[in-house]
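Okay, my_file-v4.cif is below, mmCIF, C-alpha atoms:
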data_my_file
#
loop_
_atom_site.label_atom_id
_atom_site.label_comp_id
_atom_site.auth_asym_id
_atom_site.auth_seq_id
_atom_site.Cartn_x
_atom_site.Cartn_y
_atom_site.Cartn_z
CA MET A 5 2.02 18.38 -24.77
CA ASN A 6 2.53 21.75 -26.46
CA ALA A 7 -1.18 22.52 -26.29
CA VAL A 8 -1.29 21.66 -22.57
CA GLN A 9 1.60 24.03 -21.87
CA GLU A 10 0.09 26.87 -23.86
CA ILE A 11 -3.60 26.83 -22.97
CA LEU A 12 -3.33 27.99 -19.38
CA ASP A 13 0.26 29.20 -19.28
CA GLY A 14 1.15 30.12 -15.73
CA GLU A 15 -2.14 28.91 -14.29
CA SER A 16 -2.70 25.96 -11.98
CA ILE A 17 -4.17 23.07 -13.96
CA ARG A 18 -5.11 19.44 -13.43
CA ILE A 19 -4.68 17.00 -16.28
CA SER A 20 -6.73 13.85 -16.83
CA PRO A 21 -5.24 10.61 -18.08
CA VAL A 22 -5.06 10.21 -21.84
CA TYR A 23 -7.68 8.02 -23.55
CA GLU A 24 -7.47 6.55 -27.03
CA ASN A 25 -10.79 6.57 -28.91
CA PRO A 26 -11.92 5.63 -32.42
CA ALA A 27 -12.51 8.42 -34.89
CA LEU A 28 -16.10 9.52 -35.47
CA LEU A 29 -16.77 8.75 -39.12
CA PRO A 30 -19.66 9.59 -41.44
CA GLU A 31 -20.74 6.73 -43.69
CA ARG A 32 -19.05 8.19 -46.76
CA ALA A 33 -15.79 9.12 -45.08
CA GLU A 34 -12.46 8.61 -46.81
CA SER A 35 -10.78 5.37 -45.74
CA ASP A 36 -7.71 7.21 -44.41
CA TRP A 37 -9.90 9.12 -41.94
CA ASN A 38 -10.12 6.05 -39.70
CA LYS A 39 -7.36 7.04 -37.29
CA PRO A 40 -7.69 6.89 -33.49
CA TYR A 41 -7.65 10.08 -31.44
CA LEU A 42 -5.95 10.76 -28.13
CA ASN A 43 -8.16 12.70 -25.75
CA LEU A 44 -7.67 14.39 -22.40
CA VAL A 45 -9.36 17.09 -20.31
CA LEU A 46 -7.76 20.01 -18.48
CA GLN A 47 -9.24 21.61 -15.41
CA GLY A 48 -7.97 24.96 -14.23
CA VAL A 49 -8.59 28.62 -13.58
CA CYS A 50 -8.88 31.21 -16.33
CA ARG A 51 -9.23 34.81 -15.21
CA GLN A 52 -10.21 36.03 -18.66
CA GLU A 53 -13.55 35.82 -20.45
CA PRO A 54 -14.60 32.74 -22.47
CA LEU A 55 -14.22 34.50 -25.84
CA TRP A 56 -10.66 35.47 -24.93
CA LEU A 57 -9.85 31.82 -24.23
CA LEU A 58 -11.57 30.74 -27.45
CA LYS A 59 -9.39 33.15 -29.44
CA LYS A 60 -6.26 31.84 -27.74
CA ILE A 61 -7.31 28.25 -28.46
CA LYS A 62 -7.76 28.99 -32.16
CA GLU A 63 -4.29 30.53 -32.26
CA ILE A 64 -2.80 27.45 -30.57
CA GLU A 65 -4.58 25.11 -32.99
CA LYS A 66 -3.19 27.03 -35.95
CA ILE A 67 0.35 27.03 -34.55
CA LEU A 68 0.14 23.28 -33.97
CA GLY A 69 -0.88 22.57 -37.56
CA ARG A 70 -4.65 22.45 -37.64
CA GLU A 71 -6.01 23.27 -41.10
CA GLU A 72 -9.56 23.85 -42.25
CA GLY A 73 -11.16 20.77 -43.77
CA PRO A 74 -14.38 18.76 -44.03
CA THR A 75 -16.33 17.97 -40.87
CA TRP A 76 -14.92 14.86 -39.12
CA ALA A 77 -11.78 14.88 -41.26
CA PRO A 78 -8.56 14.04 -39.36
CA ARG A 79 -6.97 17.00 -37.61
CA ALA A 80 -3.70 17.56 -35.81
CA ILE A 81 -5.34 19.11 -32.77
CA ASP A 82 -8.88 19.87 -31.64
CA ILE A 83 -9.48 21.93 -28.48
CA ASP A 84 -12.94 22.63 -27.04
CA ILE A 85 -14.15 24.61 -24.03
CA LEU A 86 -16.42 22.20 -22.17
CA TYR A 87 -17.53 23.84 -18.96
CA TRP A 88 -17.11 27.13 -17.06
CA GLY A 89 -18.20 26.54 -13.49
CA ASN A 90 -21.86 27.43 -13.08
CA ARG A 91 -21.76 29.89 -15.94
CA ARG A 92 -23.73 29.54 -19.15
CA PHE A 93 -22.49 31.22 -22.32
CA GLU A 94 -23.90 31.16 -25.82
CA THR A 95 -22.92 33.03 -28.97
CA SER A 96 -22.76 32.04 -32.63
CA ASP A 97 -19.17 30.84 -32.01
CA LEU A 98 -19.31 29.33 -28.55
CA GLN A 99 -21.72 27.44 -26.32
CA ILE A 100 -20.91 26.62 -22.69
CA PRO A 101 -21.49 23.97 -21.41
CA HIS A 102 -20.51 22.32 -24.68
CA LYS A 103 -23.65 21.15 -26.44
CA SER A 104 -22.37 17.59 -26.97
CA LEU A 105 -20.58 17.13 -23.66
CA SER A 106 -22.95 14.51 -22.25
CA GLU A 107 -23.10 12.55 -25.52
CA ARG A 108 -19.43 11.87 -26.19
CA SER A 109 -17.61 9.10 -24.40
CA PHE A 110 -14.24 10.51 -25.42
CA VAL A 111 -15.08 13.60 -23.34
CA LEU A 112 -16.94 11.94 -20.48
CA ASP A 113 -14.26 9.37 -19.67
CA PRO A 114 -11.37 11.81 -19.07
CA PHE A 115 -13.62 14.53 -17.61
CA LYS A 116 -15.05 12.16 -14.99
CA ASP A 117 -11.51 11.42 -13.77
CA LEU A 118 -11.23 15.07 -12.74
CA ALA A 119 -14.79 15.79 -11.60
CA PRO A 120 -16.68 12.51 -11.12
CA ASP A 121 -19.50 14.03 -9.04
CA LEU A 122 -20.20 16.98 -11.34
CA LYS A 123 -23.77 17.19 -12.64
CA LEU A 124 -24.40 19.02 -15.88
CA PRO A 125 -27.36 21.36 -16.31
CA HIS A 126 -30.60 19.49 -17.05
CA SER A 127 -29.07 16.19 -15.86
CA ASP A 128 -29.65 14.34 -12.62
CA GLN A 129 -26.66 12.07 -13.28
CA THR A 130 -23.01 12.69 -12.49
CA LEU A 131 -20.28 12.70 -15.10
CA HIS A 132 -19.17 9.37 -13.72
CA GLU A 133 -22.60 7.83 -14.22
CA LEU A 134 -22.90 9.23 -17.73
CA ALA A 135 -19.43 7.95 -18.68
CA ARG A 136 -20.02 4.46 -17.32
CA GLN A 137 -23.34 4.04 -19.12
CA HIS A 138 -22.16 5.29 -22.49
CA PRO A 139 -21.82 2.55 -25.15
CA GLY A 140 -18.40 3.90 -26.12
CA HIS A 141 -17.02 3.87 -22.55
CA CYS A 142 -13.28 3.23 -22.42
CA PRO A 143 -11.56 1.90 -19.29
CA LEU A 144 -8.33 3.27 -17.95
CA TRP A 145 -5.58 0.66 -18.23
CA MET A 146 -3.39 0.04 -15.20
CA ALA A 147 -0.15 -1.78 -16.02
CA ILE A 148 1.19 -4.16 -13.38
CA LEU A 149 4.87 -3.71 -12.51
CA ASN A 150 5.86 -6.34 -9.95
CA ILE A 151 9.40 -5.77 -8.67
CA THR A 152 9.17 -8.98 -6.64
CA PRO A 153 11.05 -12.26 -7.01
CA ASP A 154 8.00 -14.34 -6.05
CA SER A 155 4.82 -12.95 -7.66
CA PHE A 156 2.58 -15.70 -9.02
CA SER A 157 3.04 -15.15 -12.76
CA ASP A 158 5.91 -12.72 -13.36
CA GLY A 159 8.09 -12.88 -10.25
CA GLY A 160 11.70 -11.98 -11.04
CA SER A 161 10.91 -10.31 -14.38
CA PHE A 162 11.58 -6.73 -13.25
CA LEU A 163 14.33 -6.87 -10.65
CA SER A 164 16.71 -4.48 -12.44
CA LEU A 165 16.16 -0.88 -13.51
CA SER A 166 17.17 -1.81 -17.07
CA ASP A 167 14.42 -4.46 -17.22
CA ILE A 168 11.95 -1.90 -15.89
CA ASP A 169 13.02 0.69 -18.46
CA LYS A 170 12.63 -1.80 -21.29
CA TYR A 171 9.09 -2.55 -20.14
CA LEU A 172 8.24 1.13 -19.74
CA ASP A 173 9.60 1.95 -23.19
CA GLU A 174 6.93 -0.39 -24.57
CA ILE A 175 3.92 0.63 -22.49
CA GLU A 176 4.22 4.10 -21.00
CA SER A 177 2.61 5.98 -23.89
CA SER A 178 -0.39 3.61 -23.89
CA VAL A 179 -1.39 3.14 -20.24
CA GLY A 180 -2.96 5.56 -17.77
CA ILE A 181 -1.50 4.08 -14.58
CA ILE A 182 1.59 2.07 -13.65
CA ASP A 183 1.05 0.06 -10.47
CA VAL A 184 4.31 -0.81 -8.71
CA GLY A 185 4.31 -3.70 -6.23
CA ALA A 186 7.23 -4.76 -4.04
CA GLU A 187 5.50 -7.43 -1.91
CA SER A 188 3.85 -10.52 -3.32
CA THR A 189 0.34 -11.19 -2.00
CA ARG A 190 -0.13 -14.56 -3.71
CA PRO A 191 -1.14 -17.57 -1.58
CA ASN A 192 1.74 -18.78 0.63
CA ALA A 193 3.85 -15.72 -0.12
CA THR A 194 6.25 -14.59 2.61
CA PRO A 195 5.04 -11.30 4.12
CA LEU A 196 7.51 -8.43 4.19
CA SER A 197 8.05 -5.86 6.90
CA TRP A 198 7.44 -2.32 5.72
CA ARG A 199 11.17 -1.63 5.92
CA ASP A 200 12.03 -4.54 3.64
CA GLU A 201 9.28 -3.54 1.24
CA TRP A 202 10.55 0.05 1.13
CA LEU A 203 14.09 -1.17 0.56
CA ARG A 204 12.89 -2.71 -2.72
CA LEU A 205 10.54 0.07 -3.64
CA GLU A 206 12.46 3.28 -2.96
CA PRO A 207 15.09 3.01 -5.73
CA VAL A 208 12.40 2.16 -8.30
CA LEU A 209 10.20 5.13 -7.36
CA LYS A 210 13.19 7.47 -7.45
CA HIS A 211 14.06 6.09 -10.88
CA LEU A 212 10.51 6.66 -12.13
CA ARG A 213 10.59 10.23 -10.83
CA ARG A 214 13.80 10.87 -12.75
CA ARG A 215 12.46 9.17 -15.87
CA PHE A 216 9.22 11.13 -16.07
CA GLY A 217 10.64 14.33 -14.63
CA GLU A 218 8.46 17.40 -15.09
CA ARG A 219 6.47 16.00 -18.01
CA LYS A 220 2.89 17.21 -17.82
CA ILE A 221 1.48 14.23 -19.71
CA LYS A 222 2.59 10.94 -18.17
CA PRO A 223 1.12 7.84 -16.54
CA GLN A 224 0.00 8.13 -12.96
CA ILE A 225 2.13 6.11 -10.56
CA SER A 226 0.37 3.80 -8.11
CA VAL A 227 1.98 1.82 -5.31
CA ASP A 228 0.53 -1.54 -4.33
CA THR A 229 1.10 -1.66 -0.57
CA ARG A 230 -0.71 -2.52 2.65
CA HIS A 231 1.80 -0.67 4.85
CA VAL A 232 0.93 2.90 5.76
CA GLU A 233 4.62 3.63 6.40
CA VAL A 234 5.43 2.69 2.80
CA ALA A 235 2.44 4.61 1.45
CA GLY A 236 3.49 7.82 3.20
CA ARG A 237 7.03 7.63 1.87
CA ALA A 238 5.78 6.80 -1.62
CA LEU A 239 3.56 9.89 -1.64
CA GLU A 240 6.60 12.02 -0.83
CA LEU A 241 8.20 10.70 -4.04
CA GLY A 242 5.30 11.82 -6.21
CA VAL A 243 3.05 8.74 -6.21
CA SER A 244 -0.59 9.72 -6.78
CA ILE A 245 -2.45 6.44 -6.04
CA ILE A 246 -2.17 4.06 -3.08
CA ASN A 247 -3.46 0.59 -3.98
CA ASP A 248 -4.14 -1.04 -0.61
CA VAL A 249 -5.08 -4.69 -0.90
CA SER A 250 -5.65 -4.94 2.86
CA GLY A 251 -8.78 -2.75 2.87
CA ALA A 252 -7.41 0.09 5.04
CA LYS A 253 -6.56 -2.19 7.97
CA SER A 254 -3.21 -0.53 8.74
CA GLU A 255 -3.16 1.75 11.75
CA GLY A 256 -2.82 5.30 10.50
CA ALA A 257 -4.33 4.68 7.06
CA TYR A 258 -7.23 7.08 7.68
CA ASP A 259 -4.90 9.81 8.96
CA LEU A 260 -2.65 9.44 5.92
CA LEU A 261 -5.60 9.79 3.56
CA LYS A 262 -6.98 12.79 5.42
CA THR A 263 -3.68 14.67 5.26
CA SER A 264 -2.95 13.90 1.58
CA GLU A 265 -4.71 14.38 -1.76
CA CYS A 266 -3.94 10.96 -3.21
CA GLN A 267 -6.40 8.58 -4.76
CA TYR A 268 -6.91 5.38 -2.82
CA VAL A 269 -7.86 1.88 -3.96
CA LEU A 270 -9.97 0.20 -1.28
CA THR A 271 -9.87 -3.56 -1.80
CA HIS A 272 -12.14 -6.14 -0.23
CA SER A 273 -9.98 -8.89 1.24
CA LEU A 274 -10.01 -11.29 4.16
CA THR A 275 -6.30 -12.08 4.45
CA VAL A 276 -3.02 -10.71 3.05
CA PRO A 277 -1.27 -12.64 1.60
CA ALA A 278 -4.29 -14.38 0.13
CA ASP A 279 -5.10 -17.63 1.93
CA PRO A 280 -7.40 -20.05 0.03
CA LYS A 281 -8.58 -21.51 3.35
CA TYR A 282 -10.24 -18.21 4.32
CA ILE A 283 -13.08 -17.33 1.99
CA LEU A 284 -16.54 -15.81 2.27
CA SER A 285 -19.02 -18.32 3.61
CA LYS A 286 -20.90 -20.26 0.93
CA SER A 287 -24.07 -19.49 2.87
CA LEU A 288 -23.64 -15.78 2.08
CA HIS A 289 -24.21 -13.91 -1.16
CA ALA A 290 -20.67 -12.79 -2.02
CA LEU A 291 -21.71 -9.70 -3.96
CA ASN A 292 -24.00 -8.49 -1.18
CA GLU A 293 -21.30 -9.06 1.43
CA ILE A 294 -18.81 -7.05 -0.62
CA LYS A 295 -21.30 -4.24 -1.18
CA ASP A 296 -22.21 -4.02 2.50
CA TRP A 297 -18.53 -3.97 3.47
CA MET A 298 -17.74 -1.24 0.93
CA SER A 299 -20.73 0.84 2.04
CA GLU A 300 -19.62 0.70 5.66
CA LYS A 301 -16.05 1.63 4.75
CA LEU A 302 -17.22 4.59 2.68
CA ARG A 303 -19.34 5.82 5.58
CA SER A 304 -16.35 5.62 7.89
CA PHE A 305 -14.22 7.52 5.36
CA GLU A 306 -16.89 10.18 5.01
CA ASN A 307 -17.11 10.56 8.79
CA TYR A 308 -13.35 11.04 8.83
CA GLY A 309 -13.52 13.77 6.19
CA ILE A 310 -12.28 11.67 3.24
CA LYS A 311 -14.31 12.30 0.09
CA SER A 312 -15.64 9.34 -1.88
CA GLU A 313 -14.46 10.89 -5.18
CA ARG A 314 -10.90 9.99 -4.11
CA ILE A 315 -11.79 6.36 -3.48
CA ILE A 316 -11.52 3.59 -6.08
CA LEU A 317 -13.29 0.37 -5.11
CA ASP A 318 -11.86 -3.08 -5.92
CA PRO A 319 -13.88 -6.25 -5.17
CA GLY A 320 -10.62 -8.14 -4.54
CA ILE A 321 -10.75 -11.04 -6.97
CA GLY A 322 -8.87 -13.95 -5.39
CA PHE A 323 -8.77 -12.38 -1.93
CA GLY A 324 -11.23 -14.21 0.30
CA LYS A 325 -13.28 -15.69 -2.57
CA ASP A 326 -13.02 -19.05 -4.25
CA SER A 327 -12.99 -19.36 -8.03
CA LEU A 328 -16.77 -19.50 -8.45
CA GLN A 329 -17.38 -16.61 -6.06
CA SER A 330 -14.85 -14.56 -8.01
CA LEU A 331 -16.56 -15.43 -11.29
CA PHE A 332 -20.03 -14.58 -9.95
CA VAL A 333 -18.76 -11.23 -8.63
CA LEU A 334 -17.36 -10.33 -12.04
CA ARG A 335 -20.54 -11.38 -13.81
CA SER A 336 -22.62 -9.06 -11.62
CA ILE A 337 -20.15 -6.29 -10.84
CA ASP A 338 -22.44 -3.65 -12.33
CA LYS A 339 -24.78 -4.28 -9.37
CA LEU A 340 -22.14 -2.57 -7.21
CA PHE A 341 -22.23 0.60 -9.30
CA SER A 342 -24.79 2.28 -7.08
CA LEU A 343 -21.84 3.03 -4.80
CA PRO A 344 -20.51 6.54 -5.54
CA CYS A 345 -16.98 5.61 -6.60
CA ARG A 346 -14.96 4.44 -9.54
CA PHE A 347 -14.33 0.69 -9.74
CA MET A 348 -11.12 -1.16 -10.48
CA VAL A 349 -10.77 -4.89 -11.16
CA GLY A 350 -7.56 -6.88 -10.91
CA HIS A 351 -8.45 -10.18 -12.55
CA SER A 352 -5.43 -10.68 -14.76
CA ARG A 353 -3.94 -14.21 -14.79
CA LYS A 354 -5.60 -15.11 -11.46
CA SER A 355 -6.39 -18.65 -10.37
CA PHE A 356 -10.17 -18.48 -10.91
CA ILE A 357 -9.32 -18.70 -14.63
CA ASP A 358 -8.43 -22.38 -14.01
CA GLY A 359 -12.14 -23.10 -14.37
CA ILE A 360 -11.99 -21.65 -17.89
CA SER A 361 -8.62 -22.92 -19.06
CA SER A 362 -5.96 -25.17 -17.54
CA VAL A 363 -2.89 -23.21 -18.70
CA THR A 364 -0.18 -21.93 -16.37
CA PRO A 365 -0.54 -18.44 -14.80
CA SER A 366 1.89 -16.80 -17.23
CA GLU A 367 -0.16 -18.20 -20.16
CA ARG A 368 -3.54 -16.81 -19.05
CA ASP A 369 -3.39 -13.55 -21.01
CA LEU A 370 -5.95 -14.55 -23.64
CA GLU A 371 -8.48 -15.56 -21.02
CA SER A 372 -7.72 -12.40 -19.02
CA LEU A 373 -8.15 -10.34 -22.15
CA GLY A 374 -11.57 -11.78 -22.89
CA ILE A 375 -12.69 -10.98 -19.36
CA SER A 376 -11.31 -7.45 -19.71
CA LEU A 377 -13.50 -6.81 -22.74
CA GLY A 378 -16.59 -7.97 -20.85
CA LEU A 379 -15.74 -5.81 -17.83
CA ALA A 380 -15.10 -2.79 -20.04
CA LYS A 381 -18.50 -3.24 -21.64
CA LYS A 382 -20.12 -3.41 -18.19
CA GLY A 383 -18.59 -0.02 -17.37
CA VAL A 384 -15.65 -0.85 -15.08
CA ASP A 385 -13.46 2.24 -14.82
CA ILE A 386 -9.95 0.79 -14.34
CA LEU A 387 -8.58 -2.58 -15.42
CA ARG A 388 -5.36 -3.74 -13.77
CA VAL A 389 -3.59 -6.12 -16.14
CA HIS A 390 -0.41 -7.88 -17.11
CA ASN A 391 0.56 -7.50 -20.77
CA PRO A 392 -1.36 -4.22 -21.14
CA LEU A 393 -0.50 -3.72 -24.81
CA ALA A 394 -2.33 -6.92 -25.78
CA HIS A 395 -5.40 -5.74 -23.86
CA ILE A 396 -5.28 -2.28 -25.43
CA ARG A 397 -4.91 -3.67 -28.95
CA ALA A 398 -7.83 -6.04 -28.46
CA PHE A 399 -10.00 -3.31 -26.95
CA ARG A 400 -9.11 -1.00 -29.85
CA GLY A 401 -10.73 -3.44 -32.25
CA PHE A 402 -13.62 -4.18 -29.88
CA ASN A 403 -14.40 -0.52 -29.27
CA HIS A 404 -14.54 0.32 -32.97
CA LEU A 405 -17.89 -1.46 -33.07
CA TRP A 406 -19.41 0.69 -30.30
CA VAL A 407 -19.09 4.20 -31.73
CA GLU A 408 -22.70 5.32 -31.67
CA GLU A 409 -24.59 7.76 -33.86
CA SER A 410 -25.20 9.80 -30.68
CA GLU A 411 -21.53 10.79 -30.64
CA ARG A 412 -21.65 12.41 -34.04
#
Would you give me this structure, written as structure tokens?
Amino acid sequence: MNAVQEILDGESIRISPVYENPALLPERAESDWNKPYLNLVLQGVCRQEPLWLLKKIKEIEKILGREEGPTWAPRAIDIDILYWGNRRFETSDLQIPHKSLSERSFVLDPFKDLAPDLKLPHSDQTLHELARQHPGHCPLWMAILNITPDSFSDGGSFLSLSDIDKYLDEIESSVGIIDVGAESTRPNATPLSWRDEWLRLEPVLKHLRRRFGERKIKPQISVDTRHVEVAGRALELGVSIINDVSGAKSEGAYDLLKTSECQYVLTHSLTVPADPKYILSKSLHALNEIKDWMSEKLRSFENYGIKSERIILDPGIGFGKDSLQSLFVLRSIDKLFSLPCRFMVGHSRKSFIDGISSVTPSERDLESLGISLGLAKKGVDILRVHNPLAHIRAFRGFNHLWVEESER
């Protein structure tokens, strides 16, 4: 936090989500060097020269407790200059673009959240493509916060602000996004009018705004809504992501996106709430149908002046697919990655898991967790989950095995 405030004091900056990554360790490292690092990327304007910024960075590192030590030894803070627009710069002390930028997952993952379409010199791939393909890729964790009495696995768990605060005390320093939902979309759920949904949602969003205040480093807030009226009001309260399970079917959705700067989750669905009677035809290839639908939607967004870098695609597990279709989509989700967007998957505790295990929805965390690890390895960008701390702890162990020599 202190480094973020000092680096570009007074300048306009954008801040990526925070990612936790394993330490890079030489074979003969001391055992106490194996401590995870927290990484983020800043994007902003500096009106001085690169060497001026480098000098300032070294001063900040010293103030914040960095001491000279062996290469790869633990350090309190480590700040690098990665990129400087189209400019190249090379001295004995500084090389821009950073020589290892394209090789380090702990740089690529947060950097791609700010500039997914950026191509580095001598590369025909975007930052997003490089991040997704890297063996050490880390997903961004989206924590589910259902403030509904009737959600399928946790309805009624977060109806009071004190319950919400207790949950946030546990997770907020570990997740990149908190997704707040005020209308259940489970099968047979009772649909809400936008006014009734907002009546539930408004006090929670105001509470979150007070809780996080002016903190520069904090989780992004997403609102899970299909109502454009709710989305517009949520954006006025500082929400940065609209998670629309309806697939932009609301009148005015395109206009709202064009006049805002929010990120938008575009979900493939046939009905909301989900209706098991309405699924993709068995005569169709589900993955191809989803890809064609997403491609057409992206073209319509582009024609409306909405950039694809703001769009997050979600295949809509459980919405218009039966259990086997959902499973097949997850198995082959990387075949959708030719589309120029980040991908999110919301698989946690959903009914397709019945084919794997016959436990109740609230008991499906272990199965959900195993699927999360597989999706992370495939390169999915955002995983929307219940019980995020269990997922993060499991991924921490899983990811320790994927730190490659290329990152050193």
Discussion item. Taking (1.8, 3.7, -17.5) in the coordinates of the supplied file, I want to know which residues reach to within 10 Å of it, counting all atoms listed in the file; could you give the answer as a PyMOL selection string?
Written reply: chain A and resi 21+145-149+171-183+222-226+392
Pull C-alpha atoms from the residues just selected and write them as a CSV table (one decimal), in the coordinates of the input.
chain,number,residue,atom,x,y,z
A,21,PRO,CA,-5.2,10.6,-18.1
A,145,TRP,CA,-5.6,0.7,-18.2
A,146,MET,CA,-3.4,0.0,-15.2
A,147,ALA,CA,-0.2,-1.8,-16.0
A,148,ILE,CA,1.2,-4.2,-13.4
A,149,LEU,CA,4.9,-3.7,-12.5
A,171,TYR,CA,9.1,-2.6,-20.1
A,172,LEU,CA,8.2,1.1,-19.7
A,173,ASP,CA,9.6,2.0,-23.2
A,174,GLU,CA,6.9,-0.4,-24.6
A,175,ILE,CA,3.9,0.6,-22.5
A,176,GLU,CA,4.2,4.1,-21.0
A,177,SER,CA,2.6,6.0,-23.9
A,178,SER,CA,-0.4,3.6,-23.9
A,179,VAL,CA,-1.4,3.1,-20.2
A,180,GLY,CA,-3.0,5.6,-17.8
A,181,ILE,CA,-1.5,4.1,-14.6
A,182,ILE,CA,1.6,2.1,-13.6
A,183,ASP,CA,1.0,0.1,-10.5
A,222,LYS,CA,2.6,10.9,-18.2
A,223,PRO,CA,1.1,7.8,-16.5
A,224,GLN,CA,0.0,8.1,-13.0
A,225,ILE,CA,2.1,6.1,-10.6
A,226,SER,CA,0.4,3.8,-8.1
A,392,PRO,CA,-1.4,-4.2,-21.1
Worksheet item: Between A:His141, A:Lys103, A:His132, A:His390, which has the minimum distance to Asn403 (chain A) (counting only C-alpha atoms)?
Response: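 Selected residue with least distance to Asn403 (chain A): A:His141.
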Discussion item. Ranking A:Ala290, A:Ile221, A:Ala119, A:Leu163 by minimum distance to Asn43 (chain A) and counting all atoms listed in the file, which one comes first?
Written reply: A:Ile221
So that each row is one residue of region 240-281 of chain A with an atom at most 6 Å from region 227-231 of chain A, can you give its shortest atom pair and the distance in Å to one decimal, using only C-alpha atoms, rows by chain and rising number, as a tab-separated table?
residue	atom	partner	partner_atom	distance
A:Ile246	CA	A:Val227	CA	5.2
A:Asn247	CA	A:Asp228	CA	4.5
A:Asp248	CA	A:Arg230	CA	5.0
A:Ser250	CA	A:Arg230	CA	5.5
Worksheet item: Of the residues A:Ile321, A:Cys142, A:Leu288, A:Leu379, which is the one nearest to Trp406 (chain A), using only C-alpha atoms?
Response: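 Among the listed residues, the smallest separation from Trp406 (chain A) belongs to A:Cys142.
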Fill in: Ala238 (chain A) surroundings by only C-alpha atoms, 10 Å radius, close-in-sequence under 4 positions cut, as a VMD selection string
chain A and resid 202 205 to 206 209 to 210 225 to 227 229 232 to 234 242 to 246
Worksheet entry | Atom-to-atom span, CA of Leu340 (chain A) and CA of Gln129 (chain A), Å |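 Spanning CA of Leu340 (chain A) to CA of Gln129 (chain A) is a straight-line distance of 16.5 Å.
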Item to complete: Go through A:Asp82, A:Glu133, A:Glu71, A:Asp279 and flag the residue nearest Leu42 (chain A), using all atoms listed in the file for the distances.
Response: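 Among the listed residues, the smallest separation from Leu42 (chain A) belongs to A:Asp82.
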Worksheet item: What is the CA of Pro30 (chain A)-CA of Lys381 (chain A) distance in Å, reported with one decimal?
Response: 23.6 Å
